[in-house]
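A.B. asks: Pasting a structure here, questions to come.
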Amino acid sequence: MWHKIAPRLAANFTVIATDLRRYGDGDKPLPLEDSSNYCKRVMALDQVLLMEKLGYQEFYLIGHDRGAQVFYHLALDFPEKVKKSFYSI
């Protein structure tokens, strides 16, 4: 669905569209016994670390469905990173 929205956003923002861990072409490490390496908070940390590696200390968030759940936790755990967020579940 993002292929229709991203170009419009890119007119005014830098758009970085990532695959979440275990989704799309993203990493698919074997789950731990309790699956804790696939919890939304861990995936939120993945996104923070990626953005920092790309040079962004704070950023806007937009997400839908599972991405929205991840970004919800990102905003809770790392409020200093979030300029503004838009998400729908």
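Chain labels run A, B, ... following the order of the structure tokens; each chain numbers its residues from 1, and ligands are numbered from 1 in the order shown.
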Please run DSSP on the backbone and report, as a list in words, all residues within chain A that come out as strand (DSSP E).

C.D. replies: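 Across chain A, those assigned strand (DSSP E) are Phe59, Tyr60, Leu61, Ile62, Gly63, His64, Val82, Lys83, Lys84, Ser85, Phe86, Tyr87 and Ser88 of chain A.
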
A.B. asks: Mind checking which residues fall within 10 Å of Ser85 in chain A, counting only C-alpha atoms, ignoring those fewer than 2 positions away in the same chain, and posting them as a ChimeraX atom specification?

C.D. replies: /A:59-63,68,71-72,75,82-83,87

A.B. asks: So that I have them on file, write out the residues from the current selection with all heavy atoms, as a short mmCIF file (atom, residue, chain, number, x, y, z; two decimals), in the first residue's frame.

C.D. replies:
data_model
loop_
_atom_site.label_atom_id
_atom_site.label_comp_id
_atom_site.auth_asym_id
_atom_site.auth_seq_id
_atom_site.Cartn_x
_atom_site.Cartn_y
_atom_site.Cartn_z
N PHE A 59 12.76 11.71 14.31
CA PHE A 59 12.13 11.49 13.02
C PHE A 59 10.62 11.39 13.18
O PHE A 59 10.10 11.23 14.28
CB PHE A 59 12.67 10.20 12.38
CG PHE A 59 12.89 9.07 13.36
CD1 PHE A 59 11.85 8.22 13.70
CD2 PHE A 59 14.12 8.88 13.96
CE1 PHE A 59 12.04 7.20 14.61
CE2 PHE A 59 14.32 7.86 14.88
CZ PHE A 59 13.27 7.02 15.21
N TYR A 60 9.93 11.52 12.07
CA TYR A 60 8.48 11.32 12.02
C TYR A 60 8.21 9.83 11.84
O TYR A 60 9.03 9.11 11.27
CB TYR A 60 7.87 12.07 10.83
CG TYR A 60 7.98 13.57 10.94
CD1 TYR A 60 9.02 14.25 10.32
CD2 TYR A 60 7.04 14.30 11.65
CE1 TYR A 60 9.13 15.63 10.41
CE2 TYR A 60 7.13 15.68 11.75
CZ TYR A 60 8.18 16.33 11.13
OH TYR A 60 8.29 17.69 11.23
N LEU A 61 7.07 9.38 12.30
CA LEU A 61 6.66 7.99 12.14
C LEU A 61 5.33 7.94 11.41
O LEU A 61 4.44 8.74 11.68
CB LEU A 61 6.45 7.31 13.49
CG LEU A 61 7.61 7.23 14.45
CD1 LEU A 61 7.13 6.66 15.78
CD2 LEU A 61 8.71 6.36 13.87
N ILE A 62 5.20 6.99 10.53
CA ILE A 62 3.90 6.70 9.95
C ILE A 62 3.82 5.18 9.80
O ILE A 62 4.77 4.55 9.35
CB ILE A 62 3.67 7.43 8.61
CG1 ILE A 62 2.26 7.18 8.09
CG2 ILE A 62 4.72 7.07 7.58
CD1 ILE A 62 1.86 8.12 6.97
N GLY A 63 2.73 4.60 10.24
CA GLY A 63 2.62 3.16 10.19
C GLY A 63 1.17 2.70 10.16
O GLY A 63 0.27 3.43 10.55
N ALA A 68 2.19 0.02 12.80
CA ALA A 68 1.61 0.96 13.76
C ALA A 68 1.81 0.45 15.18
O ALA A 68 2.11 1.24 16.09
CB ALA A 68 0.13 1.15 13.47
N PHE A 71 5.42 1.13 16.03
CA PHE A 71 5.67 2.55 16.25
C PHE A 71 5.01 3.07 17.52
O PHE A 71 5.50 4.01 18.14
CB PHE A 71 5.26 3.36 15.04
CG PHE A 71 6.20 3.18 13.87
CD1 PHE A 71 5.76 3.44 12.59
CD2 PHE A 71 7.49 2.74 14.04
CE1 PHE A 71 6.62 3.29 11.51
CE2 PHE A 71 8.36 2.58 12.97
CZ PHE A 71 7.92 2.86 11.70
N TYR A 72 3.92 2.46 17.91
CA TYR A 72 3.29 2.80 19.19
C TYR A 72 4.28 2.55 20.32
O TYR A 72 4.49 3.40 21.19
CB TYR A 72 2.01 1.98 19.37
CG TYR A 72 1.36 2.12 20.72
CD1 TYR A 72 0.57 3.23 21.00
CD2 TYR A 72 1.53 1.16 21.70
CE1 TYR A 72 -0.04 3.37 22.24
CE2 TYR A 72 0.93 1.29 22.94
CZ TYR A 72 0.15 2.40 23.21
OH TYR A 72 -0.44 2.52 24.44
N ALA A 75 7.21 5.02 20.20
CA ALA A 75 6.86 6.32 20.78
C ALA A 75 6.81 6.26 22.31
O ALA A 75 7.18 7.23 22.99
CB ALA A 75 5.52 6.80 20.22
N VAL A 82 10.82 10.84 18.54
CA VAL A 82 9.64 11.02 17.69
C VAL A 82 9.26 12.50 17.56
O VAL A 82 8.90 13.14 18.54
CB VAL A 82 8.44 10.22 18.24
CG1 VAL A 82 7.23 10.38 17.34
CG2 VAL A 82 8.82 8.76 18.40
N LYS A 83 9.37 13.03 16.33
CA LYS A 83 8.92 14.40 16.08
C LYS A 83 7.39 14.44 16.10
O LYS A 83 6.79 15.31 16.68
CB LYS A 83 9.41 14.88 14.72
CG LYS A 83 10.88 15.17 14.66
CD LYS A 83 11.24 15.75 13.30
CE LYS A 83 12.68 16.14 13.23
NZ LYS A 83 13.02 16.76 11.96
N TYR A 87 -0.41 6.88 12.88
CA TYR A 87 -0.55 5.45 12.66
C TYR A 87 -1.99 5.02 12.86
O TYR A 87 -2.75 5.66 13.54
CB TYR A 87 0.40 4.62 13.54
CG TYR A 87 0.48 5.03 14.99
CD1 TYR A 87 -0.45 4.59 15.90
CD2 TYR A 87 1.51 5.85 15.42
CE1 TYR A 87 -0.36 4.96 17.23
CE2 TYR A 87 1.61 6.22 16.76
CZ TYR A 87 0.68 5.77 17.65
OH TYR A 87 0.77 6.13 18.96
#

A.B. asks: To one decimal in Å, tell me the separation between CA of Lys28 in chain A and CA of Gln69 in chain A.

C.D. replies: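 Separation of CA of Lys28 in chain A and CA of Gln69 in chain A: 18.6 Å.
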
A.B. asks: Select, from A:Asp65, A:Glu58, A:Asp77, A:Asp25, the residue with the minimum atom-to-atom distance to Ala44 in chain A, counting only C-alpha atoms.

C.D. replies: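 For Ala44 in chain A, the nearest of the candidates is A:Asp77.
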
A.B. asks: Need the shell around Leu74 in chain A: protein/DNA/RNA residues with any atom at most 9 Å away, counting only C-alpha atoms. Skip same-chain ones fewer than 6 positions apart. Format as a PyMOL selection string?

C.D. replies: chain A and resi 40-41+43-45+47-48+81-82

A.B. asks: May I have the residues from that selection written out with N, CA and C atoms, as a JSON list (two decimals), in the first residue's frame?

C.D. replies:
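Once everything was written out, this is again_1.json:
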[["chain", "number", "residue", "atom", "x", "y", "z"],
["A", 40, "LYS", "N", 7.05, -6.48, 19.81],
["A", 40, "LYS", "CA", 6.98, -5.17, 19.15],
["A", 40, "LYS", "C", 8.03, -4.21, 19.70],
["A", 41, "ARG", "N", 8.35, -4.31, 20.97],
["A", 41, "ARG", "CA", 9.37, -3.42, 21.56],
["A", 41, "ARG", "C", 10.74, -3.70, 20.97],
["A", 43, "MET", "N", 11.28, -4.91, 17.97],
["A", 43, "MET", "CA", 11.23, -4.41, 16.60],
["A", 43, "MET", "C", 11.29, -2.88, 16.59],
["A", 44, "ALA", "N", 10.74, -2.23, 17.62],
["A", 44, "ALA", "CA", 10.84, -0.77, 17.72],
["A", 44, "ALA", "C", 12.31, -0.36, 17.89],
["A", 45, "LEU", "N", 13.03, -1.08, 18.73],
["A", 45, "LEU", "CA", 14.44, -0.79, 18.91],
["A", 45, "LEU", "C", 15.21, -0.98, 17.60],
["A", 47, "GLN", "N", 14.17, -0.30, 14.70],
["A", 47, "GLN", "CA", 13.92, 0.91, 13.89],
["A", 47, "GLN", "C", 14.73, 2.10, 14.41],
["A", 48, "VAL", "N", 14.81, 2.24, 15.73],
["A", 48, "VAL", "CA", 15.60, 3.32, 16.32],
["A", 48, "VAL", "C", 17.07, 3.17, 15.93],
["A", 81, "LYS", "N", 12.80, 10.53, 20.39],
["A", 81, "LYS", "CA", 13.13, 10.26, 18.99],
["A", 81, "LYS", "C", 12.02, 10.70, 18.03],
["A", 82, "VAL", "N", 10.82, 10.84, 18.54],
["A", 82, "VAL", "CA", 9.64, 11.02, 17.69],
["A", 82, "VAL", "C", 9.26, 12.50, 17.56]]

A.B. asks: Within 10 Å of range 18-23 of chain A, counting only C-alpha atoms, which residues qualify if same-chain residues fewer than 4 places away don't, as a count of residues only?

C.D. replies: 18

A.B. asks: Once DSSP has gone over the backbone, tell me which residues of range 1-39 of chain A are in alpha helix (DSSP H), as a PyMOL selection string.

C.D. replies: chain A and resi 2-10

A.B. asks: For the selection you just gave me, I'd like the residues written to a file as a PDB file, in the first residue's frame, keeping all heavy atoms.

C.D. replies:
ATOM      1  N   TRP A   2       2.064   1.171   0.488  1.00  0.00           N
ATOM      2  CA  TRP A   2       2.909   2.364   0.615  1.00  0.00           C
ATOM      3  C   TRP A   2       3.389   2.893  -0.730  1.00  0.00           C
ATOM      4  O   TRP A   2       3.776   4.059  -0.830  1.00  0.00           O
ATOM      5  CB  TRP A   2       4.082   2.082   1.542  1.00  0.00           C
ATOM      6  CG  TRP A   2       3.616   1.840   2.948  1.00  0.00           C
ATOM      7  CD1 TRP A   2       3.621   0.640   3.613  1.00  0.00           C
ATOM      8  CD2 TRP A   2       3.045   2.784   3.839  1.00  0.00           C
ATOM      9  NE1 TRP A   2       3.087   0.793   4.863  1.00  0.00           N
ATOM     10  CE2 TRP A   2       2.723   2.109   5.037  1.00  0.00           C
ATOM     11  CE3 TRP A   2       2.754   4.153   3.750  1.00  0.00           C
ATOM     12  CZ2 TRP A   2       2.142   2.740   6.123  1.00  0.00           C
ATOM     13  CZ3 TRP A   2       2.174   4.780   4.833  1.00  0.00           C
ATOM     14  CH2 TRP A   2       1.878   4.073   6.005  1.00  0.00           C
ATOM     15  N   HIS A   3       3.366   2.064  -1.756  1.00  0.00           N
ATOM     16  CA  HIS A   3       3.873   2.526  -3.054  1.00  0.00           C
ATOM     17  C   HIS A   3       3.044   3.683  -3.615  1.00  0.00           C
ATOM     18  O   HIS A   3       3.522   4.448  -4.446  1.00  0.00           O
ATOM     19  CB  HIS A   3       3.949   1.361  -4.055  1.00  0.00           C
ATOM     20  CG  HIS A   3       2.621   0.885  -4.548  1.00  0.00           C
ATOM     21  ND1 HIS A   3       1.809   0.065  -3.788  1.00  0.00           N
ATOM     22  CD2 HIS A   3       1.963   1.120  -5.698  1.00  0.00           C
ATOM     23  CE1 HIS A   3       0.704  -0.184  -4.472  1.00  0.00           C
ATOM     24  NE2 HIS A   3       0.765   0.442  -5.633  1.00  0.00           N
ATOM     25  N   LYS A   4       1.825   3.844  -3.147  1.00  0.00           N
ATOM     26  CA  LYS A   4       0.992   4.956  -3.605  1.00  0.00           C
ATOM     27  C   LYS A   4       1.191   6.210  -2.732  1.00  0.00           C
ATOM     28  O   LYS A   4       0.987   7.324  -3.201  1.00  0.00           O
ATOM     29  CB  LYS A   4      -0.481   4.562  -3.592  1.00  0.00           C
ATOM     30  CG  LYS A   4      -0.825   3.498  -4.609  1.00  0.00           C
ATOM     31  CD  LYS A   4      -2.299   3.182  -4.580  1.00  0.00           C
ATOM     32  CE  LYS A   4      -2.634   2.130  -5.628  1.00  0.00           C
ATOM     33  NZ  LYS A   4      -4.073   1.851  -5.648  1.00  0.00           N
ATOM     34  N   ILE A   5       1.562   6.022  -1.494  1.00  0.00           N
ATOM     35  CA  ILE A   5       1.684   7.126  -0.552  1.00  0.00           C
ATOM     36  C   ILE A   5       3.105   7.687  -0.501  1.00  0.00           C
ATOM     37  O   ILE A   5       3.298   8.901  -0.406  1.00  0.00           O
ATOM     38  CB  ILE A   5       1.239   6.669   0.854  1.00  0.00           C
ATOM     39  CG1 ILE A   5      -0.215   6.216   0.814  1.00  0.00           C
ATOM     40  CG2 ILE A   5       1.445   7.761   1.892  1.00  0.00           C
ATOM     41  CD1 ILE A   5      -0.670   5.477   2.046  1.00  0.00           C
ATOM     42  N   ALA A   6       4.094   6.824  -0.570  1.00  0.00           N
ATOM     43  CA  ALA A   6       5.491   7.244  -0.415  1.00  0.00           C
ATOM     44  C   ALA A   6       5.908   8.347  -1.383  1.00  0.00           C
ATOM     45  O   ALA A   6       6.565   9.305  -0.957  1.00  0.00           O
ATOM     46  CB  ALA A   6       6.413   6.036  -0.521  1.00  0.00           C
ATOM     47  N   PRO A   7       5.566   8.275  -2.666  1.00  0.00           N
ATOM     48  CA  PRO A   7       5.989   9.355  -3.564  1.00  0.00           C
ATOM     49  C   PRO A   7       5.432  10.725  -3.159  1.00  0.00           C
ATOM     50  O   PRO A   7       6.117  11.742  -3.280  1.00  0.00           O
ATOM     51  CB  PRO A   7       5.446   8.928  -4.930  1.00  0.00           C
ATOM     52  CG  PRO A   7       5.317   7.447  -4.843  1.00  0.00           C
ATOM     53  CD  PRO A   7       4.927   7.178  -3.411  1.00  0.00           C
ATOM     54  N   ARG A   8       4.211  10.751  -2.665  1.00  0.00           N
ATOM     55  CA  ARG A   8       3.632  12.025  -2.218  1.00  0.00           C
ATOM     56  C   ARG A   8       4.357  12.553  -0.982  1.00  0.00           C
ATOM     57  O   ARG A   8       4.603  13.747  -0.859  1.00  0.00           O
ATOM     58  CB  ARG A   8       2.156  11.862  -1.917  1.00  0.00           C
ATOM     59  CG  ARG A   8       1.344  11.583  -3.158  1.00  0.00           C
ATOM     60  CD  ARG A   8      -0.101  11.418  -2.824  1.00  0.00           C
ATOM     61  NE  ARG A   8      -0.880  12.110  -3.840  1.00  0.00           N
ATOM     62  CZ  ARG A   8      -2.156  12.307  -3.770  1.00  0.00           C
ATOM     63  NH1 ARG A   8      -2.823  11.893  -2.712  1.00  0.00           N
ATOM     64  NH2 ARG A   8      -2.797  12.912  -4.736  1.00  0.00           N
ATOM     65  N   LEU A   9       4.683  11.660  -0.067  1.00  0.00           N
ATOM     66  CA  LEU A   9       5.426  12.074   1.123  1.00  0.00           C
ATOM     67  C   LEU A   9       6.829  12.541   0.751  1.00  0.00           C
ATOM     68  O   LEU A   9       7.361  13.483   1.340  1.00  0.00           O
ATOM     69  CB  LEU A   9       5.506  10.924   2.127  1.00  0.00           C
ATOM     70  CG  LEU A   9       4.195  10.526   2.798  1.00  0.00           C
ATOM     71  CD1 LEU A   9       4.370   9.234   3.580  1.00  0.00           C
ATOM     72  CD2 LEU A   9       3.705  11.646   3.704  1.00  0.00           C
ATOM     73  N   ALA A  10       7.423  11.873  -0.224  1.00  0.00           N
ATOM     74  CA  ALA A  10       8.799  12.187  -0.632  1.00  0.00           C
ATOM     75  C   ALA A  10       8.924  13.587  -1.227  1.00  0.00           C
ATOM     76  O   ALA A  10      10.028  14.128  -1.304  1.00  0.00           O
ATOM     77  CB  ALA A  10       9.308  11.140  -1.618  1.00  0.00           C
TER      78      ALA A  10
END

A.B. asks: What is the CA of Phe13 in chain A to CA of Phe78 in chain A distance in Å?

C.D. replies: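 So the answer is 21.0 Å.
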